[in-house]
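Asker: Got final_0.pdb for you, PDB, C-alpha atoms, pLDDT in the B column:
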ATOM      1  CA  MET T   1      65.002 103.631  70.107  1.00 43.00           C
ATOM      2  CA  LYS T   2      65.190 100.316  71.940  1.00 41.00           C
ATOM      3  CA  SER T   3      63.015  97.518  70.652  1.00 45.00           C
ATOM      4  CA  LEU T   4      60.380  95.936  72.879  1.00 40.00           C
ATOM      5  CA  LYS T   5      62.545  92.790  73.031  1.00 41.00           C
ATOM      6  CA  THR T   6      65.504  94.775  74.396  1.00 40.00           C
ATOM      7  CA  VAL T   7      63.344  96.448  77.035  1.00 37.00           C
ATOM      8  CA  LEU T   8      61.886  93.110  78.155  1.00 37.00           C
ATOM      9  CA  LEU T   9      65.324  91.520  78.278  1.00 38.00           C
ATOM     10  CA  SER T  10      66.705  94.388  80.391  1.00 43.00           C
ATOM     11  CA  THR T  11      63.763  94.055  82.784  1.00 40.00           C
ATOM     12  CA  ALA T  12      64.376  90.329  83.140  1.00 42.00           C
ATOM     13  CA  VAL T  13      68.081  90.882  83.854  1.00 40.00           C
ATOM     14  CA  LEU T  14      67.302  93.429  86.572  1.00 40.00           C
ATOM     15  CA  ALA T  15      64.761  91.092  88.158  1.00 42.00           C
ATOM     16  CA  GLY T  16      67.290  88.256  88.141  1.00 44.00           C
ATOM     17  CA  PHE T  17      69.862  90.534  89.773  1.00 40.00           C
ATOM     18  CA  GLY T  18      67.420  91.222  92.583  1.00 44.00           C
ATOM     19  CA  LEU T  19      67.016  87.484  93.238  1.00 42.00           C
ATOM     20  CA  PHE T  20      70.807  87.096  93.231  1.00 42.00           C
ATOM     21  CA  LEU T  21      71.020  89.600  96.082  1.00 43.00           C
ATOM     22  CA  GLY T  22      69.023  87.301  98.312  1.00 44.00           C
ATOM     23  CA  GLY T  23      65.490  88.123  97.338  1.00 41.00           C
ATOM     24  CA  LYS T  24      65.842  91.893  97.591  1.00 40.00           C
ATOM     25  CA  ASP T  25      63.642  93.911  95.294  1.00 42.00           C
ATOM     26  CA  ALA T  26      65.870  95.015  92.401  1.00 42.00           C
ATOM     27  CA  PHE T  27      63.944  98.243  92.145  1.00 45.00           C
ATOM     28  CA  ALA T  28      64.787  99.048  95.763  1.00 63.00           C
ATOM     29  CA  ASP T  29      68.469  99.357  94.837  1.00 79.00           C
ATOM     30  CA  GLU T  30      69.889 102.853  94.460  1.00 84.00           C
ATOM     31  CA  GLN T  31      72.053 104.202  91.664  1.00 88.00           C
ATOM     32  CA  TYR T  32      74.855 106.615  92.543  1.00 89.00           C
ATOM     33  CA  THR T  33      77.314 108.526  90.355  1.00 90.00           C
ATOM     34  CA  VAL T  34      80.839 108.720  91.777  1.00 88.00           C
ATOM     35  CA  GLN T  35      81.894 112.267  92.695  1.00 89.00           C
ATOM     36  CA  SER T  36      85.372 113.765  93.148  1.00 86.00           C
ATOM     37  CA  GLY T  37      86.877 112.620  96.441  1.00 84.00           C
ATOM     38  CA  ASP T  38      84.567 109.608  96.832  1.00 86.00           C
ATOM     39  CA  THR T  39      85.789 106.275  98.152  1.00 89.00           C
ATOM     40  CA  LEU T  40      83.735 103.115  98.632  1.00 89.00           C
ATOM     41  CA  SER T  41      84.020 103.760 102.362  1.00 87.00           C
ATOM     42  CA  THR T  42      82.462 107.235 102.147  1.00 88.00           C
ATOM     43  CA  ILE T  43      79.773 106.019  99.731  1.00 89.00           C
ATOM     44  CA  ALA T  44      78.861 103.163 102.100  1.00 85.00           C
ATOM     45  CA  THR T  45      78.722 105.622 105.003  1.00 87.00           C
ATOM     46  CA  ASN T  46      76.477 107.964 103.019  1.00 86.00           C
ATOM     47  CA  PHE T  47      73.963 105.216 102.203  1.00 85.00           C
ATOM     48  CA  TYR T  48      74.107 102.903 105.222  1.00 83.00           C
ATOM     49  CA  GLY T  49      75.162 105.281 107.974  1.00 84.00           C
ATOM     50  CA  TYR T  50      78.445 103.470 108.555  1.00 86.00           C
ATOM     51  CA  SER T  51      81.273 101.799 106.655  1.00 84.00           C
ATOM     52  CA  SER T  52      82.393  98.198 107.157  1.00 89.00           C
ATOM     53  CA  ASP T  53      83.802  95.305 105.143  1.00 89.00           C
ATOM     54  CA  ASP T  54      80.237  94.033 104.661  1.00 89.00           C
ATOM     55  CA  THR T  55      78.831  97.297 103.290  1.00 88.00           C
ATOM     56  CA  ILE T  56      81.857  97.915 101.064  1.00 90.00           C
ATOM     57  CA  ASN T  57      81.862  94.330  99.756  1.00 91.00           C
ATOM     58  CA  ALA T  58      78.145  94.577  98.982  1.00 90.00           C
ATOM     59  CA  ILE T  59      78.873  97.489  96.631  1.00 92.00           C
ATOM     60  CA  VAL T  60      81.948  95.743  95.198  1.00 92.00           C
ATOM     61  CA  GLU T  61      79.981  92.566  94.404  1.00 92.00           C
ATOM     62  CA  ALA T  62      76.953  94.413  93.008  1.00 91.00           C
ATOM     63  CA  ASN T  63      79.161  96.280  90.540  1.00 90.00           C
ATOM     64  CA  GLU T  64      81.799  93.575  89.916  1.00 91.00           C
ATOM     65  CA  ILE T  65      84.575  95.988  90.928  1.00 90.00           C
ATOM     66  CA  ALA T  66      87.991  94.386  90.415  1.00 88.00           C
ATOM     67  CA  ASP T  67      89.891  96.724  92.747  1.00 87.00           C
ATOM     68  CA  LYS T  68      87.874  98.236  95.593  1.00 84.00           C
ATOM     69  CA  ASN T  69      90.498 100.964  96.000  1.00 84.00           C
ATOM     70  CA  LEU T  70      89.973 102.147  92.422  1.00 85.00           C
ATOM     71  CA  ILE T  71      86.751 103.893  91.374  1.00 88.00           C
ATOM     72  CA  PHE T  72      86.337 106.691  88.852  1.00 86.00           C
ATOM     73  CA  VAL T  73      84.577 110.056  88.879  1.00 86.00           C
ATOM     74  CA  GLY T  74      81.397 109.804  86.789  1.00 87.00           C
ATOM     75  CA  GLU T  75      81.143 106.024  87.232  1.00 88.00           C
ATOM     76  CA  ALA T  76      77.572 104.842  87.909  1.00 89.00           C
ATOM     77  CA  LEU T  77      77.334 102.419  90.825  1.00 90.00           C
ATOM     78  CA  ILE T  78      74.450 100.243  91.993  1.00 89.00           C
ATOM     79  CA  ILE T  79      74.019 100.445  95.767  1.00 89.00           C
ATOM     80  CA  PRO T  80      72.227  97.333  97.115  1.00 88.00           C
ATOM     81  CA  THR T  81      69.544  98.323  99.604  1.00 80.00           C
ATOM     82  CA  ASP T  82      66.376  96.897 101.077  1.00 71.00           C
ATOM     83  CA  GLY T  83      64.530 100.099 100.357  1.00 59.00           C
ATOM     84  CA  THR T  84      65.383 101.651 103.732  1.00 55.00           C
ATOM     85  CA  ALA T  85      68.839 103.071 103.012  1.00 56.00           C
ATOM     86  CA  THR T  86      68.884 106.845 102.641  1.00 56.00           C
ATOM     87  CA  TYR T  87      71.657 108.776 100.948  1.00 56.00           C
ATOM     88  CA  THR T  88      73.242 111.404 103.174  1.00 58.00           C
ATOM     89  CA  GLU T  89      75.475 113.971 101.518  1.00 54.00           C
ATOM     90  CA  SER T  90      78.959 113.952 103.000  1.00 49.00           C
ATOM     91  CA  ALA T  91      81.706 116.547 102.991  1.00 44.00           C
ATOM     92  CA  ASN T  92      82.726 115.624  99.434  1.00 44.00           C
ATOM     93  CA  THR T  93      80.659 118.436  97.928  1.00 41.00           C
ATOM     94  CA  THR T  94      82.043 120.892 100.458  1.00 41.00           C
ATOM     95  CA  ALA T  95      85.552 119.632  99.895  1.00 41.00           C
ATOM     96  CA  ALA T  96      85.171 120.106  96.151  1.00 40.00           C
ATOM     97  CA  ALA T  97      84.164 123.709  96.770  1.00 38.00           C
ATOM     98  CA  SER T  98      87.201 124.239  98.972  1.00 41.00           C
ATOM     99  CA  VAL T  99      89.426 123.217  96.066  1.00 40.00           C
ATOM    100  CA  GLN T 100      88.470 126.521  94.466  1.00 42.00           C
ATOM    101  CA  GLN T 101      88.623 128.435  97.766  1.00 40.00           C
ATOM    102  CA  PRO T 102      91.511 126.933  99.775  1.00 42.00           C
ATOM    103  CA  SER T 103      91.513 129.788 102.278  1.00 40.00           C
ATOM    104  CA  GLU T 104      88.084 128.800 103.614  1.00 39.00           C
ATOM    105  CA  PRO T 105      88.120 125.051 104.428  1.00 42.00           C
ATOM    106  CA  ALA T 106      84.664 123.733 105.331  1.00 39.00           C
ATOM    107  CA  ALA T 107      83.952 121.484 108.294  1.00 38.00           C
ATOM    108  CA  SER T 108      83.429 117.803 107.534  1.00 39.00           C
ATOM    109  CA  GLN T 109      79.817 116.622 107.463  1.00 40.00           C
ATOM    110  CA  SER T 110      80.730 112.914 107.567  1.00 40.00           C
ATOM    111  CA  SER T 111      78.237 110.704 109.340  1.00 39.00           C
ATOM    112  CA  ASN T 112      81.109 108.599 110.621  1.00 43.00           C
ATOM    113  CA  THR T 113      80.431 108.464 114.368  1.00 39.00           C
ATOM    114  CA  GLN T 114      84.086 108.595 115.361  1.00 45.00           C
ATOM    115  CA  SER T 115      84.759 111.639 113.175  1.00 43.00           C
ATOM    116  CA  ALA T 116      81.664 113.450 114.394  1.00 39.00           C
ATOM    117  CA  ALA T 117      82.533 112.851 118.040  1.00 41.00           C
ATOM    118  CA  ALA T 118      86.133 113.912 117.545  1.00 41.00           C
ATOM    119  CA  SER T 119      85.076 117.090 115.774  1.00 39.00           C
ATOM    120  CA  THR T 120      83.445 118.332 118.959  1.00 37.00           C
ATOM    121  CA  GLN T 121      86.892 118.429 120.541  1.00 42.00           C
ATOM    122  CA  SER T 122      88.387 120.622 117.851  1.00 41.00           C
ATOM    123  CA  SER T 123      88.741 124.342 117.505  1.00 43.00           C
ATOM    124  CA  SER T 124      85.947 125.885 115.468  1.00 55.00           C
ATOM    125  CA  SER T 125      88.146 127.379 112.778  1.00 81.00           C
ATOM    126  CA  TYR T 126      91.674 127.695 111.448  1.00 85.00           C
ATOM    127  CA  SER T 127      93.125 130.024 108.844  1.00 86.00           C
ATOM    128  CA  SER T 128      96.156 128.789 106.952  1.00 85.00           C
ATOM    129  CA  SER T 129      98.967 131.269 106.398  1.00 85.00           C
ATOM    130  CA  ALA T 130      99.767 129.690 103.007  1.00 86.00           C
ATOM    131  CA  SER T 131      99.179 132.087 100.112  1.00 89.00           C
ATOM    132  CA  GLY T 132     100.179 132.500  96.496  1.00 92.00           C
ATOM    133  CA  SER T 133     102.459 129.702  95.282  1.00 93.00           C
ATOM    134  CA  GLU T 134     102.415 128.097  98.727  1.00 94.00           C
ATOM    135  CA  ALA T 135      98.612 127.858  98.682  1.00 93.00           C
ATOM    136  CA  SER T 136      98.770 126.449  95.144  1.00 94.00           C
ATOM    137  CA  ALA T 137     101.317 123.805  96.191  1.00 95.00           C
ATOM    138  CA  LYS T 138      99.200 122.906  99.213  1.00 95.00           C
ATOM    139  CA  GLU T 139      96.094 122.515  97.054  1.00 95.00           C
ATOM    140  CA  TRP T 140      98.055 120.429  94.530  1.00 96.00           C
ATOM    141  CA  ILE T 141      99.088 117.985  97.258  1.00 95.00           C
ATOM    142  CA  ALA T 142      95.528 117.804  98.642  1.00 94.00           C
ATOM    143  CA  ASN T 143      94.204 116.850  95.209  1.00 93.00           C
ATOM    144  CA  LYS T 144      96.928 114.249  94.693  1.00 93.00           C
ATOM    145  CA  GLU T 145      96.418 112.714  98.129  1.00 93.00           C
ATOM    146  CA  SER T 146      92.617 112.623  98.428  1.00 92.00           C
ATOM    147  CA  GLY T 147      90.948 114.467  95.566  1.00 93.00           C
ATOM    148  CA  GLY T 148      90.376 117.246  98.097  1.00 91.00           C
ATOM    149  CA  SER T 149      88.173 115.146 100.402  1.00 93.00           C
ATOM    150  CA  TYR T 150      88.299 115.659 104.157  1.00 92.00           C
ATOM    151  CA  THR T 151      86.839 112.162 104.684  1.00 93.00           C
ATOM    152  CA  ALA T 152      89.035 110.100 102.323  1.00 92.00           C
ATOM    153  CA  THR T 153      90.511 107.032 104.011  1.00 91.00           C
ATOM    154  CA  ASN T 154      93.374 104.721 103.058  1.00 89.00           C
ATOM    155  CA  GLY T 155      94.343 102.329 105.830  1.00 86.00           C
ATOM    156  CA  GLN T 156      95.877 104.386 108.639  1.00 86.00           C
ATOM    157  CA  TYR T 157      95.792 107.559 106.540  1.00 88.00           C
ATOM    158  CA  TYR T 158      92.825 109.908 106.757  1.00 92.00           C
ATOM    159  CA  GLY T 159      91.465 113.103 105.277  1.00 93.00           C
ATOM    160  CA  ARG T 160      92.425 115.777 102.787  1.00 95.00           C
ATOM    161  CA  TYR T 161      96.182 115.468 103.319  1.00 95.00           C
ATOM    162  CA  GLN T 162      96.201 111.728 104.179  1.00 94.00           C
ATOM    163  CA  LEU T 163      97.742 112.225 107.601  1.00 93.00           C
ATOM    164  CA  THR T 164      98.060 109.347 110.058  1.00 88.00           C
ATOM    165  CA  ASN T 165      95.624 109.125 112.939  1.00 82.00           C
ATOM    166  CA  SER T 166      98.515 109.696 115.356  1.00 86.00           C
ATOM    167  CA  TYR T 167      99.182 113.104 113.782  1.00 89.00           C
ATOM    168  CA  LEU T 168      95.513 114.099 113.950  1.00 90.00           C
ATOM    169  CA  ASN T 169      95.308 112.897 117.569  1.00 89.00           C
ATOM    170  CA  GLY T 170      91.647 111.914 117.321  1.00 87.00           C
ATOM    171  CA  ASP T 171      90.481 115.240 115.878  1.00 90.00           C
ATOM    172  CA  TYR T 172      89.301 114.670 112.284  1.00 90.00           C
ATOM    173  CA  SER T 173      87.720 118.078 111.744  1.00 92.00           C
ATOM    174  CA  ALA T 174      88.602 120.053 108.626  1.00 91.00           C
ATOM    175  CA  ALA T 175      90.105 122.845 110.739  1.00 92.00           C
ATOM    176  CA  ASN T 176      92.446 120.452 112.542  1.00 93.00           C
ATOM    177  CA  GLN T 177      93.429 118.711 109.293  1.00 94.00           C
ATOM    178  CA  GLU T 178      94.461 122.069 107.820  1.00 94.00           C
ATOM    179  CA  LYS T 179      96.355 123.064 110.982  1.00 94.00           C
ATOM    180  CA  VAL T 180      98.203 119.748 111.382  1.00 94.00           C
ATOM    181  CA  ALA T 181      99.069 119.626 107.670  1.00 95.00           C
ATOM    182  CA  ASP T 182     100.638 123.100 107.851  1.00 95.00           C
ATOM    183  CA  GLU T 183     102.619 122.130 110.961  1.00 94.00           C
ATOM    184  CA  TYR T 184     103.749 118.810 109.462  1.00 95.00           C
ATOM    185  CA  VAL T 185     104.969 120.394 106.212  1.00 95.00           C
ATOM    186  CA  ALA T 186     106.685 123.300 107.990  1.00 94.00           C
ATOM    187  CA  SER T 187     108.519 120.884 110.277  1.00 94.00           C
ATOM    188  CA  ARG T 188     109.471 118.305 107.633  1.00 94.00           C
ATOM    189  CA  TYR T 189     110.000 120.371 104.463  1.00 94.00           C
ATOM    190  CA  GLY T 190     109.988 124.016 105.467  1.00 95.00           C
ATOM    191  CA  SER T 191     107.396 124.943 102.834  1.00 96.00           C
ATOM    192  CA  TRP T 192     104.543 123.508 100.756  1.00 96.00           C
ATOM    193  CA  SER T 193     106.560 124.178  97.584  1.00 95.00           C
ATOM    194  CA  ALA T 194     109.366 121.961  98.894  1.00 96.00           C
ATOM    195  CA  ALA T 195     106.826 119.311  99.905  1.00 95.00           C
ATOM    196  CA  LYS T 196     105.354 119.388  96.394  1.00 96.00           C
ATOM    197  CA  ALA T 197     108.817 118.987  94.843  1.00 95.00           C
ATOM    198  CA  PHE T 198     109.437 115.974  97.088  1.00 96.00           C
ATOM    199  CA  TRP T 199     106.036 114.491  96.147  1.00 94.00           C
ATOM    200  CA  GLU T 200     106.788 114.875  92.433  1.00 94.00           C
ATOM    201  CA  ALA T 201     110.095 113.063  92.904  1.00 94.00           C
ATOM    202  CA  ASN T 202     108.831 110.284  95.187  1.00 92.00           C
ATOM    203  CA  GLY T 203     105.047 109.993  94.787  1.00 91.00           C
ATOM    204  CA  TRP T 204     104.416 110.859  98.449  1.00 92.00           C
ATOM    205  CA  TYR T 205     105.362 113.529 100.974  1.00 93.00           C
TER     206      TYR T 205
END
Please lay out the structure from this file as structure tokens.
Answerer:
Amino acid sequence: MKSLKTVLLSTAVLAGFGLFLGGKDAFADEQYTVQSGDTLSTIATNFYGYSSDDTINAIVEANEIADKNLIFVGEALIIPTDGTATYTESANTTAAASVQQPSEPAASQSSNTQSAAASTQSSSSYSSSASGSEASAKEWIANKESGGSYTATNGQYYGRYQLTNSYLNGDYSAANQEKVADEYVASRYGSWSAAKAFWEANGWY
């Protein structure tokens, strides 16, 4: 059991942290546990409604993150807010479910305005022809590339299979990501198994 001194000291530290953030109430800050497929960009979008250098850097500074491209599942993060930010669940949970059921990819629920607008241009569904070992290889690559997240971003690369925006052609829906990924792999490697073998040898596909 913590002593009264420890509790008082912890309270003082939290209060001081609030002042450091420019007078924000420390108790208005949110705590969030990193989930599979999360990036600082998706976390910022979930809490603030959009992702920018400012929102990402606010989280980086609040948690003293050395590398903003490296966060860990289960890690507890403090999200600086003024008491008005509201967490909105993204497609990460859905994407995690699709890891177990690759034949039924779920549509992205990202609040990213560009993604949402582009999704309206997409077809409503797509069924991949990959099955058996091919489906397993496809799922393996998705986990290596994005942790299975349809909203993962890394520079010009986006989504579950980290395809470039030029490949996706403005359509960031889950259905289009699955379709384009199948077409890309068929054209470049001939099969998902061959793409996996290339990834294991080179660290990318």
Asker: Just want the 12 Å neighbourhood of T:Lys144, counted on only C-alpha atoms, with same-chain residues fewer than 4 positions away dropped. Output as an NGL selection string.
Answerer: :T and (36-37 or 99 or 137-140 or 148-149 or 152 or 159-162 or 196 or 199-200 or 203-205)
Asker: Give me the residues within 12 Å of T:Ala58 as a short mmCIF file (atom, residue, chain, number, x, y, z; two decimals) with C-alpha atoms, in the coordinates of the input, counting only C-alpha atoms and dropping any in the same chain fewer than 2 places off.
Answerer:
data_model
loop_
_atom_site.label_atom_id
_atom_site.label_comp_id
_atom_site.auth_asym_id
_atom_site.auth_seq_id
_atom_site.Cartn_x
_atom_site.Cartn_y
_atom_site.Cartn_z
CA PHE T 20 70.81 87.10 93.23
CA LEU T 21 71.02 89.60 96.08
CA GLY T 22 69.02 87.30 98.31
CA ASP T 29 68.47 99.36 94.84
CA LEU T 40 83.74 103.12 98.63
CA SER T 41 84.02 103.76 102.36
CA ILE T 43 79.77 106.02 99.73
CA ALA T 44 78.86 103.16 102.10
CA PHE T 47 73.96 105.22 102.20
CA TYR T 48 74.11 102.90 105.22
CA SER T 51 81.27 101.80 106.66
CA SER T 52 82.39 98.20 107.16
CA ASP T 53 83.80 95.30 105.14
CA ASP T 54 80.24 94.03 104.66
CA THR T 55 78.83 97.30 103.29
CA ILE T 56 81.86 97.92 101.06
CA VAL T 60 81.95 95.74 95.20
CA GLU T 61 79.98 92.57 94.40
CA ALA T 62 76.95 94.41 93.01
CA ASN T 63 79.16 96.28 90.54
CA GLU T 64 81.80 93.58 89.92
CA ILE T 65 84.58 95.99 90.93
CA LYS T 68 87.87 98.24 95.59
CA LEU T 77 77.33 102.42 90.82
CA ILE T 78 74.45 100.24 91.99
CA ILE T 79 74.02 100.44 95.77
CA PRO T 80 72.23 97.33 97.12
CA THR T 81 69.54 98.32 99.60
#
Asker: Name the closest residue to T:Asp182 among the candidates T:Gly147, T:Gly74, T:Ala142, T:Asn46; distances are taken between atoms, counting all atoms listed in the file.
Answerer: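 Distance minimum relative to T:Asp182 lands on T:Ala142.
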Asker: Could you tell me how far atom CA of T:Glu134 lies from atom CA of T:Ser187, in Å and to one decimal?
Answerer: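 The value is 14.9 Å.
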Asker: Nearest residue to T:Asn165 out of T:Val34, T:Ile141, T:Val180, T:Ala66, using all atoms listed in the file?
Answerer: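 Selected residue with least distance to T:Asn165: T:Val180.
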Asker: To one decimal place, how far is atom CA of T:Leu70 from atom CA of T:Thr39 in Å?
Answerer: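 Separation between atom CA of T:Leu70 and atom CA of T:Thr39: 8.2 Å.
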Asker: Between atom CA of T:Ala195 and atom CA of T:Asp38, what is the spacing in Å?
Answerer: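 It comes out at 24.5 Å.
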Asker: Could you check the closest approach to T:Ala130 for each of T:Thr45, T:Asp67, T:Gln31, T:Ala186 and tell me which residue wins, using only C-alpha atoms?
Answerer: T:Ala186
Asker: I'd like to know which of T:Tyr126, T:Trp192, T:Phe72, T:Tyr50 is closest to T:Gln35, using all atoms listed in the file.
Answerer: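 Checking each candidate against T:Gln35, we get T:Phe72 as the closest.
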Asker: Smallest atom-to-atom distance to T:Tyr172: which of T:Gly190, T:Val185, T:Tyr157, T:Val73, using all atoms listed in the file?
Answerer: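 Once distances to T:Tyr172 are computed over all atoms listed in the file, the minimum belongs to T:Tyr157.
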Asker: Compare T:Asp171, T:Ile71, T:Thr42, T:Glu183 by their minimum atom-to-atom distance to T:Thr151, counting all atoms listed in the file, and give me the closest one.
Answerer: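 Smallest separation from T:Thr151 among the options: T:Thr42.
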Asker: Can you patch up stretch 128-139 of chain T, filling it in to N, CA, C and O atoms, and show the result as a short mmCIF file (atom, residue, chain, number, x, y, z; two decimals), in the frame of the given file?
Answerer:
data_model
loop_
_atom_site.label_atom_id
_atom_site.label_comp_id
_atom_site.auth_asym_id
_atom_site.auth_seq_id
_atom_site.Cartn_x
_atom_site.Cartn_y
_atom_site.Cartn_z
N SER T 128 94.79 129.11 107.37
CA SER T 128 96.16 128.79 106.95
C SER T 128 96.88 130.06 106.52
O SER T 128 96.29 130.96 105.92
N SER T 129 98.17 130.12 106.81
CA SER T 129 98.97 131.27 106.40
C SER T 129 99.50 131.11 104.97
O SER T 129 100.11 132.03 104.44
N ALA T 130 99.28 129.94 104.37
CA ALA T 130 99.77 129.69 103.01
C ALA T 130 99.03 130.58 102.02
O ALA T 130 97.81 130.71 102.06
N SER T 131 99.79 131.24 101.14
CA SER T 131 99.18 132.09 100.11
C SER T 131 100.01 132.01 98.85
O SER T 131 101.15 131.53 98.86
N GLY T 132 99.45 132.48 97.76
CA GLY T 132 100.18 132.50 96.50
C GLY T 132 100.63 131.12 96.06
O GLY T 132 99.86 130.17 96.03
N SER T 133 101.92 130.97 95.75
CA SER T 133 102.46 129.70 95.28
C SER T 133 102.40 128.63 96.37
O SER T 133 102.26 127.44 96.07
N GLU T 134 102.50 129.06 97.63
CA GLU T 134 102.42 128.10 98.73
C GLU T 134 101.01 127.49 98.81
O GLU T 134 100.84 126.29 99.00
N ALA T 135 99.99 128.35 98.67
CA ALA T 135 98.61 127.86 98.68
C ALA T 135 98.36 126.94 97.49
O ALA T 135 97.66 125.93 97.61
N SER T 136 98.93 127.28 96.34
CA SER T 136 98.77 126.45 95.14
C SER T 136 99.42 125.09 95.34
O SER T 136 98.86 124.05 94.96
N ALA T 137 100.62 125.07 95.94
CA ALA T 137 101.32 123.80 96.19
C ALA T 137 100.54 122.96 97.20
O ALA T 137 100.43 121.73 97.05
N LYS T 138 99.99 123.61 98.21
CA LYS T 138 99.20 122.91 99.21
C LYS T 138 97.97 122.27 98.58
O LYS T 138 97.63 121.11 98.84
N GLU T 139 97.29 123.02 97.73
CA GLU T 139 96.09 122.52 97.05
C GLU T 139 96.44 121.37 96.11
O GLU T 139 95.70 120.39 95.98
#
